[in-house]
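File shown: my_file34.cif (mmCIF, C-alpha atoms).
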data_entry
#
loop_
_atom_site.label_atom_id
_atom_site.label_comp_id
_atom_site.auth_asym_id
_atom_site.auth_seq_id
_atom_site.Cartn_x
_atom_site.Cartn_y
_atom_site.Cartn_z
CA MET A 1 39.56 144.66 20.07
CA THR A 2 37.41 145.57 17.07
CA THR A 3 38.53 147.84 14.23
CA ALA A 4 35.91 150.43 15.22
CA HIS A 5 37.17 150.45 18.80
CA ARG A 6 40.78 150.81 17.65
CA SER A 7 39.93 153.78 15.44
CA ALA A 8 38.45 155.52 18.48
CA LEU A 9 41.68 155.24 20.48
CA SER A 10 43.33 158.47 21.57
CA ASP A 11 46.87 159.37 20.58
CA GLU A 12 48.01 158.48 24.09
CA GLU A 13 46.35 155.05 23.91
CA ILE A 14 47.98 154.38 20.55
CA GLY A 15 51.35 155.33 22.03
CA ARG A 16 50.88 153.00 24.98
CA GLY A 17 49.76 150.21 22.65
CA LEU A 18 52.82 150.69 20.48
CA ALA A 19 55.14 150.62 23.48
CA GLU A 20 53.48 147.36 24.57
CA GLY A 21 53.94 145.78 21.13
CA ASP A 22 50.36 145.97 19.84
CA GLU A 23 50.58 145.57 16.05
CA GLY A 24 47.07 146.95 15.68
CA CYS A 25 48.27 150.21 17.20
CA LEU A 26 51.13 150.32 14.70
CA ALA A 27 48.64 149.95 11.84
CA LEU A 28 46.46 152.64 13.38
CA ALA A 29 49.45 154.96 13.81
CA HIS A 30 50.33 154.45 10.15
CA HIS A 31 46.75 155.18 9.13
CA ARG A 32 46.54 158.27 11.32
CA TRP A 33 49.98 159.82 10.73
CA GLY A 34 51.34 158.18 7.59
CA ARG A 35 50.31 161.15 5.45
CA LEU A 36 52.03 163.58 7.84
CA VAL A 37 55.26 161.57 7.67
CA HIS A 38 55.09 161.29 3.87
CA THR A 39 54.41 165.03 3.47
CA LEU A 40 57.38 166.00 5.66
CA ALA A 41 59.68 163.59 3.82
CA ALA A 42 58.49 164.65 0.38
CA ARG A 43 58.95 168.32 1.25
CA ALA A 44 62.53 167.70 2.37
CA LEU A 45 63.47 165.30 -0.42
CA GLY A 46 61.50 166.77 -3.31
CA ASP A 47 60.68 163.24 -4.47
CA PRO A 48 57.34 161.63 -3.52
CA ARG A 49 58.58 158.17 -4.49
CA GLU A 50 61.62 158.47 -2.26
CA ALA A 51 59.35 159.85 0.46
CA GLU A 52 57.33 156.61 0.29
CA ASP A 53 60.50 154.66 1.08
CA VAL A 54 61.25 156.98 3.99
CA THR A 55 57.68 156.64 5.30
CA GLN A 56 58.04 152.86 5.39
CA GLN A 57 61.39 153.20 7.14
CA VAL A 58 59.93 155.57 9.73
CA PHE A 59 57.17 153.19 10.79
CA LEU A 60 59.53 150.22 10.73
CA ALA A 61 61.93 152.18 12.96
CA ALA A 62 59.04 153.14 15.23
CA TRP A 63 58.05 149.50 15.61
CA ARG A 64 61.61 148.32 16.22
CA GLY A 65 62.25 151.15 18.67
CA ARG A 66 58.86 151.02 20.38
CA ALA A 67 60.40 150.04 23.72
CA GLY A 68 62.17 153.39 23.76
CA TYR A 69 58.99 155.43 23.30
CA ARG A 70 58.05 157.41 26.42
CA PRO A 71 54.57 158.99 26.29
CA GLU A 72 55.52 161.44 29.03
CA ARG A 73 58.19 162.93 26.74
CA GLY A 74 55.72 163.85 24.02
CA PRO A 75 52.85 162.58 21.84
CA VAL A 76 53.22 159.94 19.15
CA PRO A 77 53.11 162.42 16.22
CA ALA A 78 56.06 164.37 17.65
CA TRP A 79 57.99 161.12 18.14
CA LEU A 80 57.28 160.12 14.53
CA VAL A 81 58.33 163.57 13.28
CA GLY A 82 61.67 163.11 15.04
CA ILE A 83 62.18 159.72 13.40
CA THR A 84 61.15 161.23 10.05
CA ARG A 85 63.82 163.92 10.34
CA ARG A 86 66.50 161.33 11.02
CA LYS A 87 65.40 159.05 8.19
CA THR A 88 65.13 161.99 5.79
CA ALA A 89 68.66 163.07 6.70
CA ASP A 90 69.83 159.50 6.05
CA ALA A 91 68.10 159.53 2.65
CA LEU A 92 69.77 162.81 1.71
CA THR A 93 73.15 161.38 2.73
CA ASP A 94 72.48 158.29 0.62
CA ARG A 95 71.49 160.49 -2.31
CA THR A 96 74.76 162.42 -2.07
CA ARG A 97 76.69 159.15 -2.05
CA ARG A 98 74.78 157.84 -5.06
CA LEU A 99 75.38 161.06 -6.98
CA GLY A 100 79.07 160.69 -6.21
CA LEU A 101 79.03 157.21 -7.72
CA VAL A 102 77.20 158.46 -10.80
CA ASP A 103 79.67 161.35 -11.17
CA ALA A 104 82.54 158.90 -10.92
CA ALA A 105 80.93 156.76 -13.61
CA GLY A 106 80.43 159.82 -15.81
CA ALA A 107 84.10 160.67 -15.47
CA ALA A 108 84.89 157.31 -17.03
CA LEU A 109 83.16 158.25 -20.28
CA PRO A 110 85.51 158.62 -23.27
CA PRO A 111 86.78 162.04 -24.34
CA PRO A 112 85.42 163.69 -27.51
CA ASP A 113 88.37 162.49 -29.59
CA GLY A 114 86.91 159.00 -29.50
CA THR A 115 89.58 157.30 -27.43
CA GLY A 116 88.54 155.11 -24.53
CA GLU A 117 85.31 153.09 -24.47
CA GLY A 118 83.43 152.40 -27.67
CA PRO A 119 80.08 154.02 -28.44
CA GLU A 120 78.14 150.89 -27.49
CA ARG A 121 79.55 150.94 -23.96
CA VAL A 122 78.84 154.67 -23.64
CA LEU A 123 75.24 154.05 -24.71
CA ASP A 124 75.00 151.26 -22.14
CA ARG A 125 76.10 153.63 -19.39
CA VAL A 126 73.67 156.36 -20.45
CA VAL A 127 70.71 153.95 -20.63
CA VAL A 128 71.56 152.30 -17.31
CA THR A 129 72.09 155.65 -15.54
CA GLN A 130 68.72 156.95 -16.74
CA GLU A 131 66.88 153.81 -15.71
CA LEU A 132 68.63 153.57 -12.34
CA ALA A 133 67.32 157.02 -11.47
CA ARG A 134 63.76 155.72 -11.83
CA LEU A 135 64.13 152.79 -9.43
CA PRO A 136 63.16 152.71 -5.74
CA ARG A 137 66.03 153.80 -3.53
CA VAL A 138 67.26 150.40 -2.29
CA GLN A 139 67.16 148.77 -5.73
CA ARG A 140 68.96 151.80 -7.16
CA ASP A 141 71.67 151.58 -4.48
CA VAL A 142 72.28 147.87 -5.04
CA LEU A 143 72.50 148.14 -8.82
CA THR A 144 74.63 151.30 -8.68
CA LEU A 145 77.16 149.52 -6.48
CA ALA A 146 77.12 146.52 -8.81
CA TYR A 147 77.21 148.39 -12.13
CA PHE A 148 79.35 151.43 -11.36
CA GLY A 149 81.17 150.13 -8.28
CA ASP A 150 81.82 146.71 -9.88
CA LEU A 151 81.02 144.99 -6.59
CA THR A 152 79.79 141.44 -6.23
CA GLN A 153 76.55 140.77 -4.38
CA VAL A 154 78.54 139.48 -1.41
CA GLN A 155 80.54 142.73 -1.33
CA ILE A 156 77.34 144.78 -1.62
CA ALA A 157 75.80 142.88 1.29
CA HIS A 158 78.92 143.53 3.37
CA ARG A 159 79.03 147.23 2.49
CA THR A 160 75.32 147.95 2.99
CA GLY A 161 74.66 145.60 5.89
CA LEU A 162 71.78 143.98 3.99
CA PRO A 163 71.39 140.18 4.02
CA LEU A 164 72.77 138.55 0.87
CA GLY A 165 69.33 137.22 -0.07
CA THR A 166 67.89 140.73 0.17
CA VAL A 167 70.65 142.09 -2.08
CA LYS A 168 69.93 139.39 -4.66
CA SER A 169 66.20 140.10 -4.48
CA HIS A 170 66.65 143.87 -4.93
CA ALA A 171 69.07 143.33 -7.82
CA ARG A 172 66.70 140.95 -9.58
CA ARG A 173 63.64 143.16 -9.10
CA GLY A 174 65.54 146.27 -10.13
CA LEU A 175 66.77 144.69 -13.36
CA LEU A 176 63.29 143.41 -14.14
CA ARG A 177 61.80 146.89 -13.62
CA MET A 178 64.44 148.44 -15.84
CA ARG A 179 63.92 145.92 -18.61
CA SER A 180 60.13 146.19 -18.48
CA ARG A 181 60.32 149.95 -19.10
CA LEU A 182 62.60 149.75 -22.08
CA THR A 183 61.61 148.99 -25.62
CA ALA A 184 62.53 145.62 -27.09
CA GLY A 185 65.54 147.11 -28.85
CA THR A 186 67.06 148.75 -25.79
CA THR A 187 66.27 145.84 -23.52
CA GLU A 188 69.10 143.96 -25.17
CA VAL A 189 71.43 146.87 -24.40
CA VAL A 190 70.62 146.73 -20.70
CA GLY A 191 70.84 142.97 -20.69
CA ALA A 192 74.29 143.17 -22.21
CA ALA A 193 75.35 146.01 -19.93
CA ALA A 194 74.08 144.56 -16.66
CA PRO A 195 76.89 143.31 -14.39
CA GLN A 196 77.24 139.55 -14.31
CA ASN A 197 77.00 139.49 -10.52
CA CYS A 198 73.45 140.92 -10.61
CA ARG A 199 71.87 138.60 -13.14
#

In structure tokens, how does this file's structure come out?
Amino acid sequence: MTTAHRSALSDEEIGRGLAEGDEGCLALAHHRWGRLVHTLAARALGDPREAEDVTQQVFLAAWRGRAGYRPERGPVPAWLVGITRRKTADALTDRTRRLGLVDAAGAALPPPDGTGEGPERVLDRVVVTQELARLPRVQRDVLTLAYFGDLTQVQIAHRTGLPLGTVKSHARRGLLRMRSRLTAGTTEVVGAAAPQNCR
């Protein structure tokens, strides 16, 4: 089937194609309704970057769950909106959990009298926390669990359900992104602060 013919498919035909495992229909669904999904997620999350992650998750979930799609129960856009709501709720739950980890890390900062961790360690935590907030969601989760939760990559894989290789990949890419955004002087701080199990 040509690209022009695919683009002329009706919503119902795209739904049937998806249910039958037609990857071209998945691509067409993403092209046709990806903006709708992203807009709904961004409105709920208030973060366009996080909404991009949710959009990818929605279409991945649609593909994996395509056998459960029933055209007679409603059109494809309505089905995708339902998946978007669930994935957005999951993202908000994850955000709450991450904020809890960050709060716990903040509670470990030394009191004003100077007892506890030295100033270099406090600076490490501040720099890492700021840079973690700028990472894509999965990379942020992996590094938060490693840095603030002091978990090994094996423990992170077990807790998140991600394959160990995926955890390693997200940790490596996240650290590289963080380092690339910092100046040469602060790069050394992050390098020194990064948990050994994520290098």

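Using only C-alpha atoms for every distance, the candidate list A:Gly174, A:Pro48, A:Gly15, A:Pro136 yields A:Gly15 as the residue closest to Pro75 (chain A).
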
Select, from A:Cys25, A:Leu145, A:Leu162, A:Ala91, the residue with the minimum atom-to-atom distance to Ala51 (chain A), counting only C-alpha atoms. A:Ala91

Within 12 Å of Arg66 (chain A) using only C-alpha atoms, minus same-chain residues under 4 positions, as number ranges by chain: A: 14-23, 25-26, 58-62, 70-71, 76, 79-80, 83

File of the preceding selection, C-alpha atoms, as a compact mmCIF listing (two decimals), in the coordinates of the input:
# COMPACT_ATOMS: atom_id res chain seq x y z
CA ILE A 14 47.98 154.38 20.55
CA GLY A 15 51.35 155.33 22.03
CA ARG A 16 50.88 153.00 24.98
CA GLY A 17 49.76 150.21 22.65
CA LEU A 18 52.82 150.69 20.48
CA ALA A 19 55.14 150.62 23.48
CA GLU A 20 53.48 147.36 24.57
CA GLY A 21 53.94 145.78 21.13
CA ASP A 22 50.36 145.97 19.84
CA GLU A 23 50.58 145.57 16.05
CA CYS A 25 48.27 150.21 17.20
CA LEU A 26 51.13 150.32 14.70
CA VAL A 58 59.93 155.57 9.73
CA PHE A 59 57.17 153.19 10.79
CA LEU A 60 59.53 150.22 10.73
CA ALA A 61 61.93 152.18 12.96
CA ALA A 62 59.04 153.14 15.23
CA ARG A 70 58.05 157.41 26.42
CA PRO A 71 54.57 158.99 26.29
CA VAL A 76 53.22 159.94 19.15
CA TRP A 79 57.99 161.12 18.14
CA LEU A 80 57.28 160.12 14.53
CA ILE A 83 62.18 159.72 13.40

Quick one: distance from CA of Gly65 (chain A) to CA of Ala78 (chain A) in Å, one decimal? 14.6 Å

What is the distance between CA of Arg73 (chain A) and CA of Arg85 (chain A), in Å to one decimal? 17.4 Å

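Closest approach to Arg179 (chain A) among A:Leu132, A:Gly161, A:Arg49, A:Thr88 is made by A:Leu132 (distances from only C-alpha atoms).
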
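Going from CA of Ser169 (chain A) to CA of Arg95 (chain A) covers 21.2 Å.
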
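In this comparison, which uses all atoms listed in the file, the residue of A:Leu175, A:Val138, A:Leu36, A:Ala41 approaching Ala157 (chain A) most closely is A:Val138.
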
Report the residues retrieved by the PyMOL selection byres ((chain A and resi 142) around 8) from the displayed file, expressed as number ranges by chain. A: 138-141, 143-146, 156, 167, 170-171

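This file gives the following result for the PyMOL selection byres ((chain A and resi 38) around 10): Trp33, Gly34, Arg35, Leu36, Val37, Thr39, Leu40, Ala41, Ala42, Arg43, Ala44, Pro48, Arg49, Glu50, Ala51, Glu52, Asp53, Val54, Thr55, Gln56, Val58 and Thr84 of chain A.
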
For His31 (chain A), which residue among A:Thr129, A:Glu72, A:Asp47, A:Pro77 is the nearest when counting only C-alpha atoms? A:Pro77

Output region 16-47 of chain A as a compact mmCIF listing (two decimals), in the frame of the given file, making sure N, CA and C atoms are there.
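The result, written out as out_28.txt:
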# COMPACT_ATOMS: atom_id res chain seq x y z
N ARG A 16 50.71 154.07 23.99
CA ARG A 16 50.88 153.00 24.98
C ARG A 16 50.82 151.63 24.31
N GLY A 17 49.88 151.48 23.37
CA GLY A 17 49.76 150.21 22.65
C GLY A 17 51.02 149.89 21.86
N LEU A 18 51.57 150.89 21.21
CA LEU A 18 52.82 150.69 20.48
C LEU A 18 53.93 150.24 21.41
N ALA A 19 54.08 150.95 22.52
CA ALA A 19 55.14 150.62 23.48
C ALA A 19 54.98 149.20 24.01
N GLU A 20 53.74 148.71 24.07
CA GLU A 20 53.48 147.36 24.57
C GLU A 20 53.54 146.30 23.48
N GLY A 21 53.79 146.74 22.22
CA GLY A 21 53.94 145.78 21.13
C GLY A 21 52.65 145.38 20.44
N ASP A 22 51.65 146.24 20.49
CA ASP A 22 50.36 145.97 19.84
C ASP A 22 50.46 146.34 18.36
N GLU A 23 50.46 145.32 17.49
CA GLU A 23 50.58 145.57 16.05
C GLU A 23 49.40 146.36 15.51
N GLY A 24 48.24 146.20 16.11
CA GLY A 24 47.07 146.95 15.68
C GLY A 24 47.28 148.45 15.89
N CYS A 25 47.98 148.80 16.95
CA CYS A 25 48.27 150.21 17.20
C CYS A 25 49.28 150.75 16.19
N LEU A 26 50.20 149.89 15.75
CA LEU A 26 51.13 150.32 14.70
C LEU A 26 50.36 150.62 13.42
N ALA A 27 49.44 149.73 13.05
CA ALA A 27 48.64 149.95 11.84
C ALA A 27 47.80 151.22 11.97
N LEU A 28 47.27 151.44 13.15
CA LEU A 28 46.46 152.64 13.38
C LEU A 28 47.32 153.90 13.33
N ALA A 29 48.52 153.82 13.87
CA ALA A 29 49.45 154.96 13.81
C ALA A 29 49.80 155.27 12.36
N HIS A 30 50.02 154.24 11.57
CA HIS A 30 50.33 154.45 10.15
C HIS A 30 49.15 155.10 9.44
N HIS A 31 47.95 154.62 9.75
CA HIS A 31 46.75 155.18 9.13
C HIS A 31 46.54 156.64 9.54
N ARG A 32 46.81 156.93 10.80
CA ARG A 32 46.54 158.27 11.32
C ARG A 32 47.61 159.28 10.94
N TRP A 33 48.89 158.85 10.93
CA TRP A 33 49.98 159.82 10.73
C TRP A 33 50.87 159.52 9.53
N GLY A 34 50.51 158.50 8.76
CA GLY A 34 51.34 158.18 7.59
C GLY A 34 51.42 159.33 6.60
N ARG A 35 50.31 160.03 6.39
CA ARG A 35 50.31 161.15 5.45
C ARG A 35 51.20 162.29 5.95
N LEU A 36 51.17 162.54 7.25
CA LEU A 36 52.03 163.58 7.84
C LEU A 36 53.50 163.25 7.58
N VAL A 37 53.88 162.00 7.87
CA VAL A 37 55.26 161.57 7.67
C VAL A 37 55.65 161.71 6.21
N HIS A 38 54.79 161.23 5.30
CA HIS A 38 55.09 161.29 3.87
C HIS A 38 55.23 162.74 3.41
N THR A 39 54.35 163.62 3.87
CA THR A 39 54.41 165.03 3.47
C THR A 39 55.71 165.68 3.91
N LEU A 40 56.13 165.42 5.16
CA LEU A 40 57.38 166.00 5.66
C LEU A 40 58.57 165.48 4.85
N ALA A 41 58.57 164.17 4.57
CA ALA A 41 59.68 163.59 3.82
C ALA A 41 59.71 164.10 2.39
N ALA A 42 58.55 164.18 1.77
CA ALA A 42 58.49 164.65 0.38
C ALA A 42 58.93 166.11 0.27
N ARG A 43 58.57 166.90 1.26
CA ARG A 43 58.95 168.32 1.25
C ARG A 43 60.47 168.45 1.36
N ALA A 44 61.08 167.62 2.18
CA ALA A 44 62.53 167.70 2.37
C ALA A 44 63.31 167.09 1.20
N LEU A 45 62.76 166.03 0.62
CA LEU A 45 63.47 165.30 -0.42
C LEU A 45 63.13 165.77 -1.82
N GLY A 46 61.93 166.35 -1.99
CA GLY A 46 61.50 166.77 -3.31
C GLY A 46 61.19 165.62 -4.24
N ASP A 47 60.94 164.44 -3.67
CA ASP A 47 60.68 163.24 -4.47
C ASP A 47 59.65 162.38 -3.75
